[in-house]
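*Asks:* First the structure, then my questions, so here it is.
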2 protein chains.
Amino acid sequence: MLPLEIPEVVIDRLPIYARALALLEKQGREVVNSQELGERLSVTPAQIRKDLSYFGRFGKQGRGYNVSRLLQELHQILGLTREWPMVLVGVGQLGRAIAAYDGFVPQGFRIVEAFDADPKIIGAKLNGLEVKPVDALPEVLRRHRAALAIVAVPAAVAQEVIDMLVESGVRAILNYAPIAPHVPPHVRIKDIDPVLALQSMTFYIKSAADAAK
Amino acid sequence: MLPLEIPEVVIDRLPIYARALALLEKQGREVVNSQELGERLSVTPAQIRKDLSYFGRFGKQGRGYNVSRLLQELHQILGLTREWPMVLVGVGQLGRAIAAYDGFVPQGFRIVEAFDADPKIIGAKLNGLEVKPVDALPEVLRRHRAALAIVAVPAAVAQEVIDMLVESGVRAILNYAPIAPHVPPHVRIKDIDPVLALQSMTFYIKSAADAAK
């Protein structure tokens, strides 16, 4: 089956299922049904069953899913059975907070190179890495072959940095700059955008206030 | 029409449309059709038309949308014609990076109070705000009535902080802690989770590599 046939929203939900299953596994649970999984994640059981059905048959009707087996399958599907080296571009306040984030390494994501354009930052140490000049990025990536990059540069230079990463062979970008970036179809990009998240929540507060009028 | 009838994915796309329209307006554009808007955002024109149709009739068949008018309507729908005060809980490295983020204020989101549990941080200044003890949160929120909160505390205490915010009347939470938080149905929550974003992108890299085998 071609991955392109699977809606992106389905792929986006798989890591959420995997996280819930990892928690259940840690709690010693062997089996879970879509009902309980759905309640934990505010997703309907039907949605979970439909999402998983894209990837084959998991679990038996009325018997639920084997927690460890489904978790392992999801890791396999998502490519999470290996470590993913990442490069970080932008070592300002945000970049340093990202580098300090302790959620990446346990999940197999490791920042292996860091870049900045500021001469005051270049050469500094970040988690044991020496920050390199952003101009050196193409050459460093030729040696490293990191497929993932994190962009934490100012908005004004973000597209330029993204273009450079794409030309250097990066395949997926986590973008923190508040822009609507362009990438070619073979490159994935996800924007971490707190404002967009806030702007969709205000809708609900406003609507509740309107309804109460 | 009840807001609950509108799928959340539709609401989530409206701020993205608004951002693209604001850019077009800045460029002096008066009219845009769903085709061009779709190309800019990698959304199908049919999707855009369907999403907007939940909120009434915008634009004329074959003539496109009036950029300024549609932008204004979207701001109205999303509740973005006013300023939204926010409280920030957690003033560690991540919290400071969030407070330094210059994308909030231009969009009408302003951090008006900051809290931490660390005696070394309490009393410090953050963008002109004095960081208050997290214990003072319920009392401060009784006076402030901020409907929005940002949570940037360690995972271990995040649910506790979220419960405190909910009890203090907060209606929407932007959560940076790597947990799967629980909130009652009347409270909105969005998780900023870089790992989940990465984990869904690795799927595509892996699939492309598998296909090339």
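Residue numbers start at 1 in each chain; chains themselves are named A, B, ... in the order of the structure tokens; ligands are numbered from 1 in the order shown.
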Skip region 96-111 of chain B itself and residues of its chain fewer than 6 positions away, then list as a list in words all residues within 8 Å of it, counting only C-alpha atoms.

*Replies:*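 Listed by chain and then number, they are Gln93, Leu94, Ala97, Pro178 and Val195 of chain A; Leu80, Arg82, Glu83, Trp84, Pro85, Met86, Val87, Leu88, Leu126 and Asn127 of chain B.
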
*Asks:* Give me the chain B side of the contact with chain A, cut-off 8 Å, one line per residue showing its nearest atom pair and distance in Å at one decimal, counting only C-alpha atoms, sorted by chain and residue number, as a tab-separated table.

*Replies:*
```
residue	atom	partner	partner_atom	distance
B:Pro3	CA	A:Ser207	CA	6.6
B:Ile11	CA	A:Ser200	CA	5.9
B:Asp12	CA	A:Ser200	CA	5.3
B:Leu14	CA	A:Ser200	CA	7.3
B:Pro15	CA	A:Leu196	CA	5.8
B:Ile16	CA	A:Leu196	CA	7.0
B:Leu41	CA	A:Ala180	CA	7.9
B:Ile77	CA	A:Phe203	CA	6.6
B:Leu78	CA	A:Phe203	CA	4.2
B:Gly79	CA	A:Lys206	CA	5.6
B:Leu80	CA	A:Gln199	CA	7.3
B:Gln93	CA	A:Ala97	CA	5.5
B:Leu94	CA	A:Ala97	CA	5.1
B:Arg96	CA	A:Gln93	CA	7.9
B:Ala97	CA	A:Leu94	CA	5.1
B:Ile98	CA	A:Leu94	CA	7.6
B:Ala100	CA	A:Gln93	CA	7.9
B:Gly103	CA	A:Pro178	CA	7.1
B:Phe104	CA	A:Val195	CA	6.4
B:Gln107	CA	A:Val195	CA	7.5
B:Ala147	CA	A:Ile205	CA	8.0
B:Arg171	CA	A:Ile205	CA	6.7
B:Ala172	CA	A:Met201	CA	6.3
B:Leu174	CA	A:Leu198	CA	7.0
B:Pro178	CA	A:Gly103	CA	7.1
B:Ala180	CA	A:Leu41	CA	7.9
B:Arg188	CA	A:Met201	CA	6.4
B:Ile189	CA	A:Met201	CA	7.7
B:Lys190	CA	A:Ala197	CA	6.4
B:Ile192	CA	A:Ile192	CA	7.0
B:Pro194	CA	A:Ile192	CA	7.2
B:Val195	CA	A:Phe104	CA	6.4
B:Leu196	CA	A:Pro15	CA	5.8
B:Ala197	CA	A:Lys190	CA	6.4
B:Leu198	CA	A:Leu174	CA	7.0
B:Gln199	CA	A:Pro15	CA	6.1
B:Ser200	CA	A:Asp12	CA	5.3
B:Met201	CA	A:Ala172	CA	6.3
B:Thr202	CA	A:Gly79	CA	5.8
B:Phe203	CA	A:Leu78	CA	4.2
B:Tyr204	CA	A:Pro3	CA	7.4
B:Ile205	CA	A:Arg171	CA	6.7
B:Lys206	CA	A:Gly79	CA	5.6
B:Ser207	CA	A:Pro3	CA	6.6
```

*Asks:* Can you list, as a PDB file with C-alpha atoms, in the first residue's frame, every protein, DNA or RNA residue that comes within 8 Å of region 51-57 of chain A when you count only C-alpha atoms, leaving out same-chain residues fewer than 3 positions away?

*Replies:*
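This is the output file selection05.pdb:
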```pdb
ATOM      1  CA  ILE A   6      -3.293   7.184   4.036  1.00  0.00           C
ATOM      2  CA  VAL A  10      -4.352   9.323  10.430  1.00  0.00           C
ATOM      3  CA  GLN A  47     -11.904   6.206  14.697  1.00  0.00           C
ATOM      4  CA  ILE A  48      -9.138   4.176  16.317  1.00  0.00           C
TER       5      ILE A  48
END
```

*Asks:* Point out the residue among B:Leu21, B:Ala146, B:Ala124, B:Val134 with the least atom-to-atom distance to Val161 (chain B), counting only C-alpha atoms.

*Replies:*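 For Val161 (chain B), the nearest of the candidates is B:Val134.
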
*Asks:* So that I can check the surroundings of Lys125 (chain A), please list as a list in words every protein, DNA and RNA residue that reaches within 10 Å of it, counting only C-alpha atoms and ignoring chain neighbours fewer than 6 positions away.

*Replies:*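 Non-adjacent residues within range: Ala114, Val131 and Lys132 of chain A.
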
*Asks:* Would you please give, as a PyMOL selection string, all residues of region 25-149 of chain B that DSSP assigns to strand (DSSP E or B) based on the backbone?

*Replies:* chain B and resi 31-32+60+64-66+84-89+109-116+125-126+129-130+132-133+148-149

*Asks:* One decimal, Å: what's the distance from CA of Lys50 (chain B) over to CA of Gln35 (chain B), could you say?

*Replies:*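 Between CA of Lys50 (chain B) and CA of Gln35 (chain B) the gap works out to 12.9 Å.
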
*Asks:* Would you work out the distance separating CA of Pro133 (chain A) from CA of Lys120 (chain A), expressed in Å to one decimal?

*Replies:*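 Between these atoms lies a distance of 10.5 Å.
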
*Asks:* Grab the CA of Gly38 (chain B) to CA of Ile162 (chain A) distance for me, in Å with one decimal place.

*Replies:*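 A separation of 21.1 Å between them.
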